[in-house]
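All remarks here apply to the structure that follows.
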Amino acid sequence: MPAIEITQLCKTFKGKKKALVHALQDLNLTIPAGEVFGFIGPNGAGKSTSIKILTGQIKASSGVAQISGIPVTNPQARKNIGYLPENPSFYPFMTAREYLHFVGQIFKMPAHEIRFQTNRVLELLDLSQAADRPVKGFSKGMTQRLGLAQTLLHDPALYILDEPMSGLDPVGRALVKDIIISLKQQGKTIFFSTHIISDVEAVCDRAGIIVKGRLTALEDIKNGIIPEDESYILQFKTSHGDLESHVVGKKQLNDTILQAVARGATIERIEPQLKNLEKIFLSTVTTGNTL
Ligand SMILES: Nc1ncnc2c1ncn2[C@@H]1O[C@H](COP(=O)(O)OP(=O)(O)O)[C@@H](O)[C@H]1O
Ligand SMILES: [Mg+2]
């Protein structure tokens, strides 16, 4: 059963002067269990709207969203998820430790488990030193890290994170990437939104691009790259010493190499042509072509 299944999801808001805003238009997306999925889109694309529907904060206008087969309108769907909102905010008078304790109680964790997990996640997010300080003195990065800490507290199977790297410095971002990779190694599912493409390339199995409420691309990512199966970059030096580069389809690769060698050329480089996520992103944003 998929961790997340979104079918024909639509959301229309009433904007200013009752103008309709079509935030999601026929969104379809299936996230298998164990996948790290990056949901990329420009500002206003519909990322947070999708996430708010998945976490039961707002209702879809039409369509269905399910978590582990349970419709998101059923609170049971939220039992086993860790959720980081776009701009996490906390009661300013509470300390980080008190807040995590409070979250543990909401999830009905036993007291000894809350104590153990609180120390574990504070350590993991480099907040142990600040654990007993009121949250009101926290920097943006510390607040974001506390938001992530509370998603990890009850050790859920699915993480829904709205821009988890936002507001973090490079050290904080590297930390969050490491946490995502370690969660994946534990078999967890992670669905996160972002507009930072390099973060997606670094940690995701798959990326979906959303523009104006519609999915415009869905790409598999292997070791930070999207392989383009069909073509290769072939570079050779001609018998006159000139360097030539050609993009050659998979079927023609063998013949092209043989012909070049027969003409006295030396092969310098054969490389699969790679798709670049940033290029795909920019082209789908400008053309608006959908899947
Ligand atoms: N409560 C709301 N009322 C009216 N319009 C909204 C509301 N929430 C979001 N929108 C609109 O829906 C669109 C998608 O927003 P959002 O999902 O927040 O985008 P993203 O997270 O990708 O930046 C935007 O045009 C936004 O202005
Ligand atoms: Mg958003």
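As shown in the structure tokens, the chain order sets the letters A, B, ...; within each chain, residues go from 1, and ligands are also counted from 1 in the order they appear.
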I need the helix (DSSP H, G or I) residues of range 112-227 of chain A per DSSP on the backbone, written as a PDB file with N, CA and C atoms, in the first residue's frame.
```pdb
ATOM      1  N   HIS A 112       8.437   7.939  30.465  1.00  0.00           N
ATOM      2  CA  HIS A 112       9.868   7.589  30.325  1.00  0.00           C
ATOM      3  C   HIS A 112      10.294   7.661  28.862  1.00  0.00           C
ATOM      4  N   GLU A 113       9.368   7.315  27.955  1.00  0.00           N
ATOM      5  CA  GLU A 113       9.641   7.367  26.514  1.00  0.00           C
ATOM      6  C   GLU A 113       9.788   8.837  26.078  1.00  0.00           C
ATOM      7  N   ILE A 114       8.938   9.695  26.618  1.00  0.00           N
ATOM      8  CA  ILE A 114       9.024  11.128  26.281  1.00  0.00           C
ATOM      9  C   ILE A 114      10.394  11.658  26.701  1.00  0.00           C
ATOM     10  N   ARG A 115      10.820  11.302  27.922  1.00  0.00           N
ATOM     11  CA  ARG A 115      12.122  11.798  28.414  1.00  0.00           C
ATOM     12  C   ARG A 115      13.254  11.313  27.521  1.00  0.00           C
ATOM     13  N   PHE A 116      13.223  10.033  27.197  1.00  0.00           N
ATOM     14  CA  PHE A 116      14.278   9.435  26.386  1.00  0.00           C
ATOM     15  C   PHE A 116      14.312  10.069  24.984  1.00  0.00           C
ATOM     16  N   GLN A 117      13.131  10.134  24.351  1.00  0.00           N
ATOM     17  CA  GLN A 117      13.063  10.648  22.978  1.00  0.00           C
ATOM     18  C   GLN A 117      13.371  12.144  22.922  1.00  0.00           C
ATOM     19  N   THR A 118      12.976  12.877  23.956  1.00  0.00           N
ATOM     20  CA  THR A 118      13.271  14.316  23.986  1.00  0.00           C
ATOM     21  C   THR A 118      14.788  14.532  23.963  1.00  0.00           C
ATOM     22  N   ASN A 119      15.495  13.801  24.810  1.00  0.00           N
ATOM     23  CA  ASN A 119      16.957  13.945  24.830  1.00  0.00           C
ATOM     24  C   ASN A 119      17.563  13.531  23.484  1.00  0.00           C
ATOM     25  N   ARG A 120      17.020  12.472  22.908  1.00  0.00           N
ATOM     26  CA  ARG A 120      17.541  11.965  21.627  1.00  0.00           C
ATOM     27  C   ARG A 120      17.376  13.023  20.522  1.00  0.00           C
ATOM     28  N   VAL A 121      16.160  13.583  20.398  1.00  0.00           N
ATOM     29  CA  VAL A 121      15.939  14.509  19.273  1.00  0.00           C
ATOM     30  C   VAL A 121      16.609  15.872  19.513  1.00  0.00           C
ATOM     31  N   LEU A 122      16.719  16.282  20.788  1.00  0.00           N
ATOM     32  CA  LEU A 122      17.426  17.541  21.072  1.00  0.00           C
ATOM     33  C   LEU A 122      18.887  17.412  20.651  1.00  0.00           C
ATOM     34  N   GLU A 123      19.450  16.259  20.964  1.00  0.00           N
ATOM     35  CA  GLU A 123      20.847  15.970  20.600  1.00  0.00           C
ATOM     36  C   GLU A 123      20.987  15.949  19.076  1.00  0.00           C
ATOM     37  N   LEU A 124      20.074  15.226  18.425  1.00  0.00           N
ATOM     38  CA  LEU A 124      20.123  15.043  16.973  1.00  0.00           C
ATOM     39  C   LEU A 124      20.072  16.387  16.250  1.00  0.00           C
ATOM     40  N   SER A 128      20.634  20.576  22.362  1.00  0.00           N
ATOM     41  CA  SER A 128      20.764  20.196  23.776  1.00  0.00           C
ATOM     42  C   SER A 128      21.139  21.390  24.648  1.00  0.00           C
ATOM     43  N   GLN A 129      22.038  22.235  24.112  1.00  0.00           N
ATOM     44  CA  GLN A 129      22.501  23.394  24.897  1.00  0.00           C
ATOM     45  C   GLN A 129      21.363  24.375  25.179  1.00  0.00           C
ATOM     46  N   ALA A 130      20.405  24.429  24.253  1.00  0.00           N
ATOM     47  CA  ALA A 130      19.322  25.418  24.371  1.00  0.00           C
ATOM     48  C   ALA A 130      18.040  24.809  24.926  1.00  0.00           C
ATOM     49  N   VAL A 135      11.524  29.400  24.210  1.00  0.00           N
ATOM     50  CA  VAL A 135      11.592  29.418  22.752  1.00  0.00           C
ATOM     51  C   VAL A 135      11.611  30.846  22.198  1.00  0.00           C
ATOM     52  N   LYS A 136      11.107  31.793  22.992  1.00  0.00           N
ATOM     53  CA  LYS A 136      11.032  33.170  22.462  1.00  0.00           C
ATOM     54  C   LYS A 136      12.412  33.755  22.123  1.00  0.00           C
ATOM     55  N   GLY A 137      13.460  33.227  22.726  1.00  0.00           N
ATOM     56  CA  GLY A 137      14.804  33.724  22.404  1.00  0.00           C
ATOM     57  C   GLY A 137      15.462  32.964  21.254  1.00  0.00           C
ATOM     58  N   LYS A 140      15.754  31.963  14.019  1.00  0.00           N
ATOM     59  CA  LYS A 140      14.921  31.305  13.003  1.00  0.00           C
ATOM     60  C   LYS A 140      15.384  29.853  12.790  1.00  0.00           C
ATOM     61  N   GLY A 141      16.705  29.678  12.711  1.00  0.00           N
ATOM     62  CA  GLY A 141      17.256  28.337  12.482  1.00  0.00           C
ATOM     63  C   GLY A 141      16.956  27.387  13.648  1.00  0.00           C
ATOM     64  N   MET A 142      17.078  27.917  14.882  1.00  0.00           N
ATOM     65  CA  MET A 142      16.802  27.078  16.066  1.00  0.00           C
ATOM     66  C   MET A 142      15.316  26.693  16.095  1.00  0.00           C
ATOM     67  N   THR A 143      14.453  27.639  15.748  1.00  0.00           N
ATOM     68  CA  THR A 143      13.005  27.373  15.731  1.00  0.00           C
ATOM     69  C   THR A 143      12.701  26.286  14.709  1.00  0.00           C
ATOM     70  N   GLN A 144      13.329  26.401  13.539  1.00  0.00           N
ATOM     71  CA  GLN A 144      13.118  25.410  12.481  1.00  0.00           C
ATOM     72  C   GLN A 144      13.603  24.033  12.962  1.00  0.00           C
ATOM     73  N   ARG A 145      14.756  24.014  13.651  1.00  0.00           N
ATOM     74  CA  ARG A 145      15.290  22.728  14.139  1.00  0.00           C
ATOM     75  C   ARG A 145      14.403  22.138  15.231  1.00  0.00           C
ATOM     76  N   LEU A 146      13.793  23.002  16.049  1.00  0.00           N
ATOM     77  CA  LEU A 146      12.857  22.487  17.058  1.00  0.00           C
ATOM     78  C   LEU A 146      11.615  21.901  16.366  1.00  0.00           C
ATOM     79  N   GLY A 147      11.189  22.575  15.299  1.00  0.00           N
ATOM     80  CA  GLY A 147      10.059  22.056  14.511  1.00  0.00           C
ATOM     81  C   GLY A 147      10.360  20.664  13.991  1.00  0.00           C
ATOM     82  N   LEU A 148      11.590  20.469  13.532  1.00  0.00           N
ATOM     83  CA  LEU A 148      11.975  19.144  13.030  1.00  0.00           C
ATOM     84  C   LEU A 148      12.085  18.139  14.165  1.00  0.00           C
ATOM     85  N   ALA A 149      12.589  18.614  15.312  1.00  0.00           N
ATOM     86  CA  ALA A 149      12.735  17.722  16.469  1.00  0.00           C
ATOM     87  C   ALA A 149      11.379  17.125  16.845  1.00  0.00           C
ATOM     88  N   GLN A 150      10.325  17.973  16.835  1.00  0.00           N
ATOM     89  CA  GLN A 150       9.017  17.449  17.255  1.00  0.00           C
ATOM     90  C   GLN A 150       8.439  16.460  16.232  1.00  0.00           C
ATOM     91  N   THR A 151       8.884  16.528  14.955  1.00  0.00           N
ATOM     92  CA  THR A 151       8.384  15.531  13.986  1.00  0.00           C
ATOM     93  C   THR A 151       8.980  14.157  14.273  1.00  0.00           C
ATOM     94  N   LEU A 152      10.170  14.146  14.892  1.00  0.00           N
ATOM     95  CA  LEU A 152      10.898  12.883  15.096  1.00  0.00           C
ATOM     96  C   LEU A 152      10.555  12.207  16.420  1.00  0.00           C
ATOM     97  N   PRO A 170      24.066  26.821   6.193  1.00  0.00           N
ATOM     98  CA  PRO A 170      24.576  25.618   5.517  1.00  0.00           C
ATOM     99  C   PRO A 170      24.805  24.437   6.468  1.00  0.00           C
ATOM    100  N   VAL A 171      25.222  24.730   7.711  1.00  0.00           N
ATOM    101  CA  VAL A 171      25.443  23.640   8.674  1.00  0.00           C
ATOM    102  C   VAL A 171      24.102  22.979   9.012  1.00  0.00           C
ATOM    103  N   GLY A 172      23.098  23.812   9.257  1.00  0.00           N
ATOM    104  CA  GLY A 172      21.765  23.315   9.570  1.00  0.00           C
ATOM    105  C   GLY A 172      21.179  22.513   8.415  1.00  0.00           C
ATOM    106  N   ARG A 173      21.409  23.002   7.196  1.00  0.00           N
ATOM    107  CA  ARG A 173      20.882  22.287   6.022  1.00  0.00           C
ATOM    108  C   ARG A 173      21.544  20.932   5.861  1.00  0.00           C
ATOM    109  N   ALA A 174      22.854  20.893   6.084  1.00  0.00           N
ATOM    110  CA  ALA A 174      23.570  19.612   5.981  1.00  0.00           C
ATOM    111  C   ALA A 174      23.044  18.639   7.041  1.00  0.00           C
ATOM    112  N   LEU A 175      22.762  19.171   8.225  1.00  0.00           N
ATOM    113  CA  LEU A 175      22.233  18.357   9.328  1.00  0.00           C
ATOM    114  C   LEU A 175      20.887  17.746   8.934  1.00  0.00           C
ATOM    115  N   VAL A 176      20.017  18.574   8.377  1.00  0.00           N
ATOM    116  CA  VAL A 176      18.692  18.088   7.987  1.00  0.00           C
ATOM    117  C   VAL A 176      18.809  17.054   6.868  1.00  0.00           C
ATOM    118  N   LYS A 177      19.716  17.293   5.924  1.00  0.00           N
ATOM    119  CA  LYS A 177      19.910  16.307   4.848  1.00  0.00           C
ATOM    120  C   LYS A 177      20.366  14.977   5.436  1.00  0.00           C
ATOM    121  N   ASP A 178      21.299  15.038   6.393  1.00  0.00           N
ATOM    122  CA  ASP A 178      21.786  13.796   7.030  1.00  0.00           C
ATOM    123  C   ASP A 178      20.641  13.073   7.740  1.00  0.00           C
ATOM    124  N   ILE A 179      19.776  13.849   8.388  1.00  0.00           N
ATOM    125  CA  ILE A 179      18.646  13.233   9.101  1.00  0.00           C
ATOM    126  C   ILE A 179      17.716  12.552   8.091  1.00  0.00           C
ATOM    127  N   ILE A 180      17.448  13.226   6.978  1.00  0.00           N
ATOM    128  CA  ILE A 180      16.563  12.630   5.960  1.00  0.00           C
ATOM    129  C   ILE A 180      17.176  11.328   5.434  1.00  0.00           C
ATOM    130  N   ILE A 181      18.486  11.353   5.168  1.00  0.00           N
ATOM    131  CA  ILE A 181      19.147  10.145   4.655  1.00  0.00           C
ATOM    132  C   ILE A 181      19.076   9.024   5.695  1.00  0.00           C
ATOM    133  N   SER A 182      19.278   9.373   6.969  1.00  0.00           N
ATOM    134  CA  SER A 182      19.242   8.328   7.997  1.00  0.00           C
ATOM    135  C   SER A 182      17.812   7.788   8.190  1.00  0.00           C
ATOM    136  N   LEU A 183      16.805   8.655   8.044  1.00  0.00           N
ATOM    137  CA  LEU A 183      15.409   8.176   8.131  1.00  0.00           C
ATOM    138  C   LEU A 183      15.126   7.212   6.981  1.00  0.00           C
ATOM    139  N   LYS A 184      15.641   7.558   5.803  1.00  0.00           N
ATOM    140  CA  LYS A 184      15.426   6.671   4.653  1.00  0.00           C
ATOM    141  C   LYS A 184      16.056   5.286   4.911  1.00  0.00           C
ATOM    142  N   GLN A 185      17.264   5.323   5.501  1.00  0.00           N
ATOM    143  CA  GLN A 185      17.928   4.046   5.802  1.00  0.00           C
ATOM    144  C   GLN A 185      17.129   3.206   6.796  1.00  0.00           C
ATOM    145  N   ILE A 197      16.546  23.325  -5.430  1.00  0.00           N
ATOM    146  CA  ILE A 197      16.695  22.125  -6.246  1.00  0.00           C
ATOM    147  C   ILE A 197      17.868  21.253  -5.798  1.00  0.00           C
ATOM    148  N   SER A 198      18.962  21.881  -5.372  1.00  0.00           N
ATOM    149  CA  SER A 198      20.126  21.076  -4.997  1.00  0.00           C
ATOM    150  C   SER A 198      19.826  20.181  -3.787  1.00  0.00           C
ATOM    151  N   ASP A 199      18.933  20.635  -2.905  1.00  0.00           N
ATOM    152  CA  ASP A 199      18.568  19.816  -1.739  1.00  0.00           C
ATOM    153  C   ASP A 199      17.816  18.566  -2.189  1.00  0.00           C
ATOM    154  N   VAL A 200      17.011  18.721  -3.216  1.00  0.00           N
ATOM    155  CA  VAL A 200      16.257  17.582  -3.753  1.00  0.00           C
ATOM    156  C   VAL A 200      17.223  16.590  -4.401  1.00  0.00           C
ATOM    157  N   GLU A 201      18.152  17.130  -5.199  1.00  0.00           N
ATOM    158  CA  GLU A 201      19.107  16.253  -5.879  1.00  0.00           C
ATOM    159  C   GLU A 201      19.949  15.482  -4.875  1.00  0.00           C
ATOM    160  N   ALA A 202      20.205  16.115  -3.718  1.00  0.00           N
ATOM    161  CA  ALA A 202      21.094  15.484  -2.736  1.00  0.00           C
ATOM    162  C   ALA A 202      20.451  14.311  -2.004  1.00  0.00           C
ATOM    163  N   VAL A 203      19.134  14.356  -1.782  1.00  0.00           N
ATOM    164  CA  VAL A 203      18.552  13.332  -0.901  1.00  0.00           C
ATOM    165  C   VAL A 203      17.380  12.522  -1.475  1.00  0.00           C
TER     166      VAL A 203
END
```
Item to check | Close residues to ligand 1 using only C-alpha atoms and all ligand atoms, limit 10 Å, as a ChimeraX atom specification | outcome: /A:11-16,18-24,39-53,58,86,162-163,193-195,210-213
Checklist entry - What residues in range 150-263 of chain A get the DSSP label strand (DSSP E)? Please answer as number ranges by chain. => result A: 158-162, 189-194, 206-211, 214-220, 226-237, 243-249
Convert the current residue selection to file output with C-alpha atoms, as a PDB file, in the first residue's frame.
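The resulting file, out.pdb, is reproduced below:
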```pdb
ATOM      1  CA  LEU A 158       5.901   9.017   7.431  1.00  0.00           C
ATOM      2  CA  TYR A 159       7.332  12.547   7.509  1.00  0.00           C
ATOM      3  CA  ILE A 160       5.549  15.416   5.793  1.00  0.00           C
ATOM      4  CA  LEU A 161       7.833  18.411   5.859  1.00  0.00           C
ATOM      5  CA  ASP A 162       6.929  21.815   4.404  1.00  0.00           C
ATOM      6  CA  THR A 189       8.892   7.669   3.984  1.00  0.00           C
ATOM      7  CA  ILE A 190       9.651  11.357   3.565  1.00  0.00           C
ATOM      8  CA  PHE A 191       7.596  13.810   1.556  1.00  0.00           C
ATOM      9  CA  PHE A 192       9.026  17.310   1.608  1.00  0.00           C
ATOM     10  CA  SER A 193       8.409  20.518  -0.255  1.00  0.00           C
ATOM     11  CA  THR A 194      11.086  22.954  -1.274  1.00  0.00           C
ATOM     12  CA  ARG A 206      12.066  11.098  -6.878  1.00  0.00           C
ATOM     13  CA  ALA A 207      10.995  14.659  -7.475  1.00  0.00           C
ATOM     14  CA  GLY A 208       7.707  16.110  -8.596  1.00  0.00           C
ATOM     15  CA  ILE A 209       7.408  19.620  -9.956  1.00  0.00           C
ATOM     16  CA  ILE A 210       4.219  21.550  -9.290  1.00  0.00           C
ATOM     17  CA  VAL A 211       3.369  24.774 -11.099  1.00  0.00           C
ATOM     18  CA  ARG A 214      -0.658  21.132 -11.536  1.00  0.00           C
ATOM     19  CA  LEU A 215       2.045  18.499 -11.660  1.00  0.00           C
ATOM     20  CA  THR A 216       4.370  19.349 -14.538  1.00  0.00           C
ATOM     21  CA  ALA A 217       7.123  16.741 -14.166  1.00  0.00           C
ATOM     22  CA  LEU A 218       7.952  13.613 -12.216  1.00  0.00           C
ATOM     23  CA  GLU A 219      11.580  12.483 -12.266  1.00  0.00           C
ATOM     24  CA  ASP A 220      13.567   9.589 -10.841  1.00  0.00           C
ATOM     25  CA  ILE A 226      18.490  12.119 -13.533  1.00  0.00           C
ATOM     26  CA  PRO A 227      19.789   9.763 -16.189  1.00  0.00           C
ATOM     27  CA  GLU A 228      18.526  10.365 -19.715  1.00  0.00           C
ATOM     28  CA  ASP A 229      18.460   6.754 -20.961  1.00  0.00           C
ATOM     29  CA  GLU A 230      18.254   7.526 -24.614  1.00  0.00           C
ATOM     30  CA  SER A 231      21.337   9.552 -25.483  1.00  0.00           C
ATOM     31  CA  TYR A 232      25.076   9.876 -24.977  1.00  0.00           C
ATOM     32  CA  ILE A 233      27.619  12.604 -25.418  1.00  0.00           C
ATOM     33  CA  LEU A 234      30.356  11.239 -27.672  1.00  0.00           C
ATOM     34  CA  GLN A 235      33.585  13.166 -27.943  1.00  0.00           C
ATOM     35  CA  PHE A 236      36.407  12.219 -30.276  1.00  0.00           C
ATOM     36  CA  LYS A 237      39.548  13.653 -31.826  1.00  0.00           C
ATOM     37  CA  LEU A 243      37.945  17.755 -31.029  1.00  0.00           C
ATOM     38  CA  GLU A 244      34.331  16.969 -31.944  1.00  0.00           C
ATOM     39  CA  SER A 245      31.349  16.410 -29.668  1.00  0.00           C
ATOM     40  CA  HIS A 246      28.102  14.762 -30.740  1.00  0.00           C
ATOM     41  CA  VAL A 247      24.907  13.833 -28.972  1.00  0.00           C
ATOM     42  CA  VAL A 248      24.109  10.315 -30.159  1.00  0.00           C
ATOM     43  CA  GLY A 249      21.018   8.210 -29.556  1.00  0.00           C
TER      44      GLY A 249
END
```
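Proximity to ligand 2 was assessed for A:Val72, A:Ala33, A:Leu84, A:Ala77 counting only C-alpha atoms and all ligand atoms; the smallest distance is recorded for A:Leu84.
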Item to check | Test item: residues at most 10 Å from Phe93 in chain A, only C-alpha atoms, excluding those fewer than 2 positions along its chain, as a PyMOL selection string | outcome: chain A and resi 90-91+95-96+98-99+133-137
Quick one: write out the picked residues with N, CA and C atoms as a JSON list (two decimals), in the first residue's frame?
```
[["chain", "number", "residue", "atom", "x", "y", "z"],
["A", 90, "PHE", "N", 5.83, 28.36, 18.20],
["A", 90, "PHE", "CA", 5.66, 27.67, 19.48],
["A", 90, "PHE", "C", 5.20, 28.67, 20.53],
["A", 91, "TYR", "N", 4.64, 28.15, 21.63],
["A", 91, "TYR", "CA", 4.34, 29.05, 22.74],
["A", 91, "TYR", "C", 5.66, 29.66, 23.21],
["A", 95, "THR", "N", 9.99, 26.21, 27.18],
["A", 95, "THR", "CA", 11.34, 25.85, 26.74],
["A", 95, "THR", "C", 11.19, 24.74, 25.69],
["A", 96, "ALA", "N", 12.29, 24.49, 24.97],
["A", 96, "ALA", "CA", 12.25, 23.45, 23.93],
["A", 96, "ALA", "C", 11.88, 22.10, 24.56],
["A", 98, "GLU", "N", 10.19, 21.55, 27.35],
["A", 98, "GLU", "CA", 8.77, 21.55, 27.74],
["A", 98, "GLU", "C", 7.86, 21.33, 26.53],
["A", 99, "TYR", "N", 8.24, 21.97, 25.43],
["A", 99, "TYR", "CA", 7.42, 21.84, 24.23],
["A", 99, "TYR", "C", 7.41, 20.38, 23.74],
["A", 133, "ARG", "N", 15.96, 26.71, 27.54],
["A", 133, "ARG", "CA", 15.73, 28.16, 27.34],
["A", 133, "ARG", "C", 14.34, 28.37, 26.71],
["A", 134, "PRO", "N", 13.65, 29.47, 27.08],
["A", 134, "PRO", "CA", 12.34, 29.71, 26.45],
["A", 134, "PRO", "C", 12.50, 29.91, 24.94],
["A", 135, "VAL", "N", 11.52, 29.40, 24.21],
["A", 135, "VAL", "CA", 11.59, 29.42, 22.75],
["A", 135, "VAL", "C", 11.61, 30.85, 22.20],
["A", 136, "LYS", "N", 11.11, 31.79, 22.99],
["A", 136, "LYS", "CA", 11.03, 33.17, 22.46],
["A", 136, "LYS", "C", 12.41, 33.76, 22.12],
["A", 137, "GLY", "N", 13.46, 33.23, 22.73],
["A", 137, "GLY", "CA", 14.80, 33.72, 22.40],
["A", 137, "GLY", "C", 15.46, 32.96, 21.25]]
```
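Between CA of Met109 in chain A and CA of Phe138 in chain A the interatomic distance comes to 26.1 Å.
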Item to check | d(CA of Leu125 in chain A, CA of Gln57 in chain A) in Å | outcome: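 Separation between CA of Leu125 in chain A and CA of Gln57 in chain A: 26.3 Å.
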So which residues touch Arg78 in chain A within 12 Å, counting only C-alpha atoms, skipping near sequence neighbours fewer than 3 positions away, as a CSV table (one decimal) with N, CA and C atoms, in the first residue's frame?
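What follows is the written file selection23.csv:
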```csv
chain,number,residue,atom,x,y,z
A,3,ALA,N,2.4,4.9,0.8
A,3,ALA,CA,2.3,5.8,2.0
A,3,ALA,C,1.4,6.9,1.7
A,4,ILE,N,1.4,7.5,0.5
A,4,ILE,CA,0.5,8.6,0.2
A,4,ILE,C,-0.1,8.4,-1.2
A,52,LYS,N,-1.3,20.8,3.6
A,52,LYS,CA,-2.4,21.1,4.6
A,52,LYS,C,-3.5,20.2,4.4
A,53,ILE,N,-3.8,19.8,3.1
A,53,ILE,CA,-4.9,18.8,2.9
A,53,ILE,C,-4.4,17.4,3.4
A,54,LEU,N,-3.2,17.1,3.2
A,54,LEU,CA,-2.7,15.8,3.6
A,54,LEU,C,-2.7,15.7,5.1
A,55,THR,N,-2.4,16.8,5.8
A,55,THR,CA,-2.4,16.7,7.3
A,55,THR,C,-3.7,17.1,7.9
A,56,GLY,N,-4.8,17.2,7.1
A,56,GLY,CA,-6.1,17.4,7.6
A,56,GLY,C,-6.4,18.8,8.1
A,57,GLN,N,-5.6,19.8,7.7
A,57,GLN,CA,-5.9,21.1,8.2
A,57,GLN,C,-6.9,21.9,7.4
A,66,GLN,N,-5.1,10.0,0.5
A,66,GLN,CA,-5.1,8.9,1.5
A,66,GLN,C,-3.6,8.8,2.0
A,67,ILE,N,-3.5,8.4,3.3
A,67,ILE,CA,-2.3,8.1,3.9
A,67,ILE,C,-2.4,6.6,4.4
A,68,SER,N,-1.5,5.8,3.9
A,68,SER,CA,-1.5,4.4,4.2
A,68,SER,C,-3.0,3.8,4.0
A,69,GLY,N,-3.6,4.2,3.0
A,69,GLY,CA,-5.0,3.7,2.6
A,69,GLY,C,-6.1,4.4,3.4
A,70,ILE,N,-5.8,5.3,4.4
A,70,ILE,CA,-6.8,5.9,5.2
A,70,ILE,C,-7.1,7.3,4.6
A,71,PRO,N,-8.3,7.7,4.3
A,71,PRO,CA,-8.6,9.0,3.8
A,71,PRO,C,-8.2,10.1,4.8
A,72,VAL,N,-7.6,11.2,4.4
A,72,VAL,CA,-7.0,12.2,5.3
A,72,VAL,C,-8.1,12.9,6.1
A,73,THR,N,-9.3,12.7,5.7
A,73,THR,CA,-10.4,13.3,6.5
A,73,THR,C,-10.6,12.5,7.8
A,74,ASN,N,-10.1,11.3,7.9
A,74,ASN,CA,-10.2,10.5,9.1
A,74,ASN,C,-8.9,10.8,10.0
A,75,PRO,N,-9.1,11.2,11.2
A,75,PRO,CA,-7.9,11.6,12.1
A,75,PRO,C,-7.0,10.4,12.2
A,81,ILE,N,2.3,10.1,11.5
A,81,ILE,CA,3.1,11.0,10.7
A,81,ILE,C,3.7,12.1,11.6
A,82,GLY,N,4.9,12.5,11.1
A,82,GLY,CA,5.6,13.6,11.7
A,82,GLY,C,5.4,14.8,10.7
A,83,TYR,N,4.9,15.9,11.2
A,83,TYR,CA,4.6,17.0,10.3
A,83,TYR,C,5.3,18.3,10.7
A,107,PHE,N,0.8,12.8,21.7
A,107,PHE,CA,0.9,11.5,21.1
A,107,PHE,C,0.7,10.3,22.0
A,151,THR,N,8.9,16.5,15.0
A,151,THR,CA,8.4,15.5,14.0
A,151,THR,C,9.0,14.2,14.3
A,156,PRO,N,7.6,8.4,13.9
A,156,PRO,CA,6.6,8.0,12.9
A,156,PRO,C,7.2,7.3,11.7
A,157,ALA,N,6.3,6.7,10.9
A,157,ALA,CA,6.8,6.0,9.6
A,157,ALA,C,6.8,7.0,8.5
A,158,LEU,N,6.0,8.1,8.5
A,158,LEU,CA,5.9,9.0,7.4
A,158,LEU,C,6.2,10.4,7.9
A,159,TYR,N,7.0,11.2,7.2
A,159,TYR,CA,7.3,12.5,7.5
A,159,TYR,C,6.8,13.5,6.4
A,160,ILE,N,6.0,14.4,6.8
A,160,ILE,CA,5.5,15.4,5.8
A,160,ILE,C,6.1,16.8,6.2
```
